[in-house]
2 protein chains.
Amino acid sequence: MTDSFLKKLEARARAVNSLLCVGLDAHLEFLPEPTGKAAYDFCVRLIDQTHNLACAFKPNSAFFEALGSAGFEALRDVIAYIHRLDPALPVILDAKRSDIASTAEAYARAAFEYLGADALTLNPYLGHDAIEPFVGKPERGAFVLCHTSNPGVADFQDVPIGKQHQALYEYVAGQVMTWNRADNIGLVVGAPDDQALRRVRAVAPEACCRAWAPRAVS
Amino acid sequence: MTDSFLKKLEARARAVNSLLCVGLDAHLEFLPEPTGKAAYDFCVRLIDQTHNLACAFKPNSAFFEALGSAGFEALRDVIAYIHRLDPALPVILDAKRSDIASTAEAYARAAFEYLGADALTLNPYLGHDAIEPFVGKPERGAFVLCHTSNPGVADFQDVPIGKQHQALYEYVAGQVMTWNRADNIGLVVGAPDDQALRRVRAVAPEACCRAWAPRAVS
């Protein structure tokens, strides 16, 4: 039987004694030229220097898409490079996708089959059926946005809902965890806000045993 | 001075006396083979047959991404084909992106500069600074998800918030409209739910003068 995505991630964290998720953000200003090859080379240098310490890699889809079809191909090649280097090293595609039904299935095909990621980040606003097409296979996973670290967090995520004196992001955390039937769904909580992290731990203690807060360190 | 995106859309609607937004959803099962060329040919046939009636075209990024880098290139070529056919015909990229700061800027570069879209769909969960990088130029626009037509709409969008007896999606509608300083932000409201459409009209009457509910008709 194949291990679940979160089991694979936990095994990796124990093996390297590290919770470090290395962001692969190929910002244009970091590249000598705006090409897929330059983005690939930039990422490979980072991977070579950090893979022994990395619990996971997190390539950011946006910076590759900005380079067009050659960038999209470079993203696939970067993920393949990581898998060749160490098949036990999970790759989380930072894509923050949000769509439903057959559209979500097409995004899942892009992320898992074409690009070869193990997991990806998703946005919760559309509800459970926008998450399901990504988490049907236990060995593939998703991290759902819960509380982000930007100023706009106050616009909707921090707004109080219902009569339970909960903020929307706490309600999101609780709901999303009820969808985690295959041990392959985590939450994204911006690490600088330790109060938010504590409150998410209170709502979703099981998820936070595997506390996860993807942060770019590139 | 360049017209705003919503002015361009309104002018098109009046010129063809139509509010029809034609979805370009290159589902794998519609294609003779899973290639970028097949997706391009499928879309061009649809465009040729509908452009005289179309207020806008709405290619769905997911189905192109599922075909890999050749699909991403086909998406760019489809949008270029529409612009060559009729420069007054707006193209709304259905991408439902949601990210912040430099990542959102990279998505904007992908959508507007590489792919050549006039506008795109976005997700509101991350707040105002996840929308701003897309709407700095009046001639480029964004439609922000408000109330969608899937079962998961009940999970978060319909949840009552605060003390105003508003659902989250109504609050989202009101907030998003305060960001519409350049006349280039609209809302996505699933058309089958006319109650939701009425409630959004009440919260955001100005936006709904240009009522807009992207729906695939392919």
# chains A, B, ... in the order shown; residues from 1 in each chain; ligands from 1
>>> closest_atom_pairs(of="chain B", to="chain A", cutoff="6 Å", atoms="only C-alpha atoms", output="tab-separated table")
residue	atom	partner	partner_atom	distance
B:Ala62	CA	A:Tyr107	CA	5.2
B:Phe63	CA	A:Ala106	CA	5.5
B:Glu65	CA	A:Ala110	CA	5.6
B:Ala66	CA	A:Ala110	CA	4.1
B:Gly68	CA	A:Tyr114	CA	5.9
B:Ser69	CA	A:Ser69	CA	4.7
B:Phe72	CA	A:Ser69	CA	5.5
B:Glu73	CA	A:Ser69	CA	5.5
B:Thr103	CA	A:Ala62	CA	6.0
B:Ala106	CA	A:Ala66	CA	5.4
B:Tyr107	CA	A:Ala62	CA	5.2
B:Arg109	CA	A:Ala66	CA	5.5
B:Ala110	CA	A:Ala66	CA	4.1
B:Tyr114	CA	A:Gly68	CA	5.9
B:Leu126	CA	A:Gly152	CA	5.8
B:Gly127	CA	A:Gly152	CA	4.1
B:His128	CA	A:Gly152	CA	5.3
B:Asp129	CA	A:Gly152	CA	5.6
B:Gly152	CA	A:Gly127	CA	4.1
B:Val153	CA	A:Leu126	CA	5.9
B:Asp155	CA	A:Gly127	CA	5.3
B:Pro160	CA	A:Gly162	CA	5.4
B:Ile161	CA	A:Ile161	CA	4.0
B:Gly162	CA	A:Ile161	CA	5.4
>>> residues_around(residues="Ser4 in chain A", least_positions_apart="4", cutoff="10 Å", atoms="only C-alpha atoms", output="JSON, numbers by chain")
{"A": [8, 9, 10, 137, 138, 139, 140, 141, 182, 183, 184, 185]}
>>> select_by_dssp(residues="range 150-182 of chain B", states="alpha helix (DSSP H)", output="PyMOL selection string")
chain B and resi 168-178
>>> select_by_dssp(residues="range 19-72 of chain A", states="strand (DSSP E)", output="list in words")
Cys21, Val22, Gly23, Leu24, Ala56, Phe57, Lys58 and Pro59 of chain A
>>> write_last_selection(atoms="N, CA and C atoms", output="PDB file, in the first residue's frame")
ATOM      1  N   CYS A  21      11.078  24.044   4.418  1.00  0.00           N
ATOM      2  CA  CYS A  21      10.523  23.922   3.057  1.00  0.00           C
ATOM      3  C   CYS A  21      11.210  24.987   2.203  1.00  0.00           C
ATOM      4  N   VAL A  22      11.950  24.570   1.220  1.00  0.00           N
ATOM      5  CA  VAL A  22      12.739  25.521   0.416  1.00  0.00           C
ATOM      6  C   VAL A  22      11.910  26.027  -0.766  1.00  0.00           C
ATOM      7  N   GLY A  23      11.591  27.321  -0.742  1.00  0.00           N
ATOM      8  CA  GLY A  23      10.845  27.923  -1.847  1.00  0.00           C
ATOM      9  C   GLY A  23      11.724  28.101  -3.073  1.00  0.00           C
ATOM     10  N   LEU A  24      11.180  27.754  -4.223  1.00  0.00           N
ATOM     11  CA  LEU A  24      11.907  27.965  -5.481  1.00  0.00           C
ATOM     12  C   LEU A  24      11.167  29.053  -6.258  1.00  0.00           C
ATOM     13  N   ALA A  56      11.123  19.605   2.169  1.00  0.00           N
ATOM     14  CA  ALA A  56      10.360  19.633   0.912  1.00  0.00           C
ATOM     15  C   ALA A  56      10.845  20.810   0.078  1.00  0.00           C
ATOM     16  N   PHE A  57      10.546  20.764  -1.209  1.00  0.00           N
ATOM     17  CA  PHE A  57      10.754  21.930  -2.076  1.00  0.00           C
ATOM     18  C   PHE A  57       9.390  22.462  -2.505  1.00  0.00           C
ATOM     19  N   LYS A  58       9.349  23.792  -2.693  1.00  0.00           N
ATOM     20  CA  LYS A  58       8.080  24.430  -3.052  1.00  0.00           C
ATOM     21  C   LYS A  58       8.312  25.393  -4.215  1.00  0.00           C
ATOM     22  N   PRO A  59       8.286  24.892  -5.459  1.00  0.00           N
ATOM     23  CA  PRO A  59       8.396  25.808  -6.605  1.00  0.00           C
ATOM     24  C   PRO A  59       7.118  26.621  -6.759  1.00  0.00           C
TER      25      PRO A  59
END
>>> closest_residue(among="B:Tyr81, B:Gln164, B:Leu6, B:Arg12", to="Gly186 in chain B", atoms="only C-alpha atoms")
B:Leu6
>>> closest_residue(among="A:Val135, A:Asp3, A:Thr121, A:Pro34", to="Val189 in chain A", atoms="only C-alpha atoms")
A:Thr121
